[in-house]
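Working notes for the structure below.
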Amino acid sequence: MTLQDLLNKTCLIGLTYTTATGEVLKETQLAGTVIEIDEEEGISIKLMAIEGQETEAEKPPIFHLPPLLEAWFIGTPGHYKNAEHKVDIVDPDFFVTWDIVKKKDDTAEGDHEWWEWHPRLSSPSVN
């Protein structure tokens, strides 16, 4: 598989944000379609709009992921819904999972925070 193979494919994205010591700060899910690939800048995903959640003037946001294939796994067919994260996708082409680690836990309020992205190297389990 190449990065270009992801273009126009749908994906369910799982993100886990942790402290430098591994404490989970937040977990979130996103779903969308890959609309652009840049081997240096990353993978651009147009997030899916949930019916009734957006107005005519709003466009679905674009989310960017690092340009690494290690986090991409063939999706398991099914209907994936998560109301809290506004996810509703049927039969995504791919599952994508990342751990996003805060590099310094003692950052003062208002100071710039540094985060490091780590692809999960094993296929996510589906319940």
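Simple scheme: letters A, B, ... for chains in structure tokens order, numbers from 1 for residues in each chain, numbers from 1 for ligands in the order shown.
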* To do: Write out as a list in words which residues come within 7 Å of Ile100 of chain A when counting only C-alpha atoms, dropping same-chain ones fewer than 4 positions away.
  =>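 Non-adjacent residues within range: Thr16, Tyr17, Thr18, Trp115, Glu116, Trp117 and His118 of chain A.
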Would you write out those residues with N, CA and C atoms, as a CSV table (one decimal), in the first residue's frame?
```csv
chain,number,residue,atom,x,y,z
A,16,THR,N,-5.7,9.0,20.9
A,16,THR,CA,-5.5,9.0,22.4
A,16,THR,C,-4.4,10.0,22.8
A,17,TYR,N,-4.8,11.0,23.6
A,17,TYR,CA,-3.9,12.0,24.1
A,17,TYR,C,-3.4,11.6,25.4
A,18,THR,N,-2.1,11.6,25.7
A,18,THR,CA,-1.5,11.2,27.0
A,18,THR,C,-0.5,12.2,27.4
A,115,TRP,N,3.7,18.4,21.3
A,115,TRP,CA,3.1,17.0,21.3
A,115,TRP,C,3.8,16.2,20.2
A,116,GLU,N,3.9,14.9,20.5
A,116,GLU,CA,4.6,14.0,19.6
A,116,GLU,C,3.6,12.9,19.2
A,117,TRP,N,3.5,12.6,17.9
A,117,TRP,CA,2.5,11.7,17.4
A,117,TRP,C,3.2,10.3,17.2
A,118,HIS,N,2.6,9.3,17.7
A,118,HIS,CA,3.1,7.9,17.6
A,118,HIS,C,2.0,7.0,17.0
```
* To do: Please provide as an MDAnalysis selection string all residues within 10 Å of segment 41-45 of chain A, with the sequence filter that same-chain residues fewer than 4 positions apart are discarded (counting only C-alpha atoms).
  => chainID A and resid 3:4 6:11 30:37 60:68
Find the spatial neighbours of Leu15 of chain A, counting only C-alpha atoms, within a cut-off of 7 Å - ignore same-chain residues fewer than 3 positions away - and output them as a CSV table (one decimal) with C-alpha atoms, in the first residue's frame.
```csv
chain,number,residue,atom,x,y,z
A,27,GLU,CA,-9.7,9.9,23.7
A,28,THR,CA,-11.6,10.9,20.6
A,29,GLN,CA,-12.9,9.5,17.4
A,97,THR,CA,-5.1,5.0,15.4
A,98,TRP,CA,-2.6,7.4,16.9
A,99,ASP,CA,-1.2,8.1,20.4
```
* Asked: Taking into account only C-alpha atoms, which residue in the set A:Tyr80, A:Leu12, A:Glu39, A:Leu25 is nearest to Phe95 of chain A?
  ->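 With only C-alpha atoms as the atom set, the closest residue is A:Leu12.
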* Asked: Can you list every residue in segment 69-116 of chain A that DSSP puts in strand (DSSP E), as a list in words?
  ->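 Filtering segment 69-116 of chain A down to strand (DSSP E) leaves Trp72, Phe73, Ile74, His79, Tyr80, Lys81, Asn82, Val87, Asp88, Ile89, Val90, Phe94, Phe95, Val96, Thr97, Trp98, Asp99, Ile100, Val101, Lys102, Trp115 and Glu116 of chain A.
Among A:Ile13, A:Leu121, A:Ala83, A:Val96, the residue with the shortest atom-to-atom distance to Leu47 of chain A, counting only C-alpha atoms, is A:Ile13.
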* **Residue nearest Gly14 of chain A - candidates A:Lys102, A:Pro124, A:Lys86, A:Asp91, atoms counted: only C-alpha atoms** => A:Pro124
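Between atom CA of Lys81 of chain A and atom CA of Arg120 of chain A the interatomic distance comes to 21.5 Å.
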* Could you pull out the helix (DSSP H, G or I) residues of chain A from DSSP and send them as a ChimeraX atom specification? -> /A:3-6,69-71,83-85
What would the file look like if the residues just selected were written as a short mmCIF file (atom, residue, chain, number, x, y, z; two decimals), in the first residue's frame with N, CA and C atoms?
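Generated file (again.cif):
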```cif
data_model
loop_
_atom_site.label_atom_id
_atom_site.label_comp_id
_atom_site.auth_asym_id
_atom_site.auth_seq_id
_atom_site.Cartn_x
_atom_site.Cartn_y
_atom_site.Cartn_z
N LEU A 3 0.85 5.78 0.05
CA LEU A 3 0.03 6.91 0.51
C LEU A 3 -1.05 7.25 -0.52
N GLN A 4 -0.72 7.20 -1.79
CA GLN A 4 -1.69 7.55 -2.84
C GLN A 4 -2.89 6.61 -2.84
N ASP A 5 -2.72 5.38 -2.34
CA ASP A 5 -3.84 4.43 -2.27
C ASP A 5 -4.92 4.90 -1.29
N LEU A 6 -4.60 5.83 -0.41
CA LEU A 6 -5.56 6.33 0.58
C LEU A 6 -6.51 7.38 0.02
N LEU A 69 2.09 5.37 6.94
CA LEU A 69 1.13 4.28 6.70
C LEU A 69 1.00 3.32 7.87
N GLU A 70 1.95 3.34 8.81
CA GLU A 70 1.96 2.37 9.91
C GLU A 70 0.68 2.38 10.74
N ALA A 71 -0.02 3.50 10.77
CA ALA A 71 -1.22 3.63 11.60
C ALA A 71 -2.50 3.24 10.85
N ALA A 83 -22.07 8.99 19.33
CA ALA A 83 -22.78 10.26 19.42
C ALA A 83 -21.93 11.34 20.08
N GLU A 84 -21.17 10.95 21.10
CA GLU A 84 -20.34 11.93 21.82
C GLU A 84 -19.36 12.63 20.87
N HIS A 85 -18.80 11.88 19.94
CA HIS A 85 -17.81 12.45 19.02
C HIS A 85 -18.39 12.74 17.63
#
```
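Of note, atom CA of Val87 of chain A and atom CA of Met1 of chain A are spaced 25.9 Å apart.
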* Using only C-alpha atoms, pick whichever of A:Val101, A:Ser125, A:His79, A:Met48 has the shortest atom-to-atom distance to Ala20 of chain A. => A:Val101
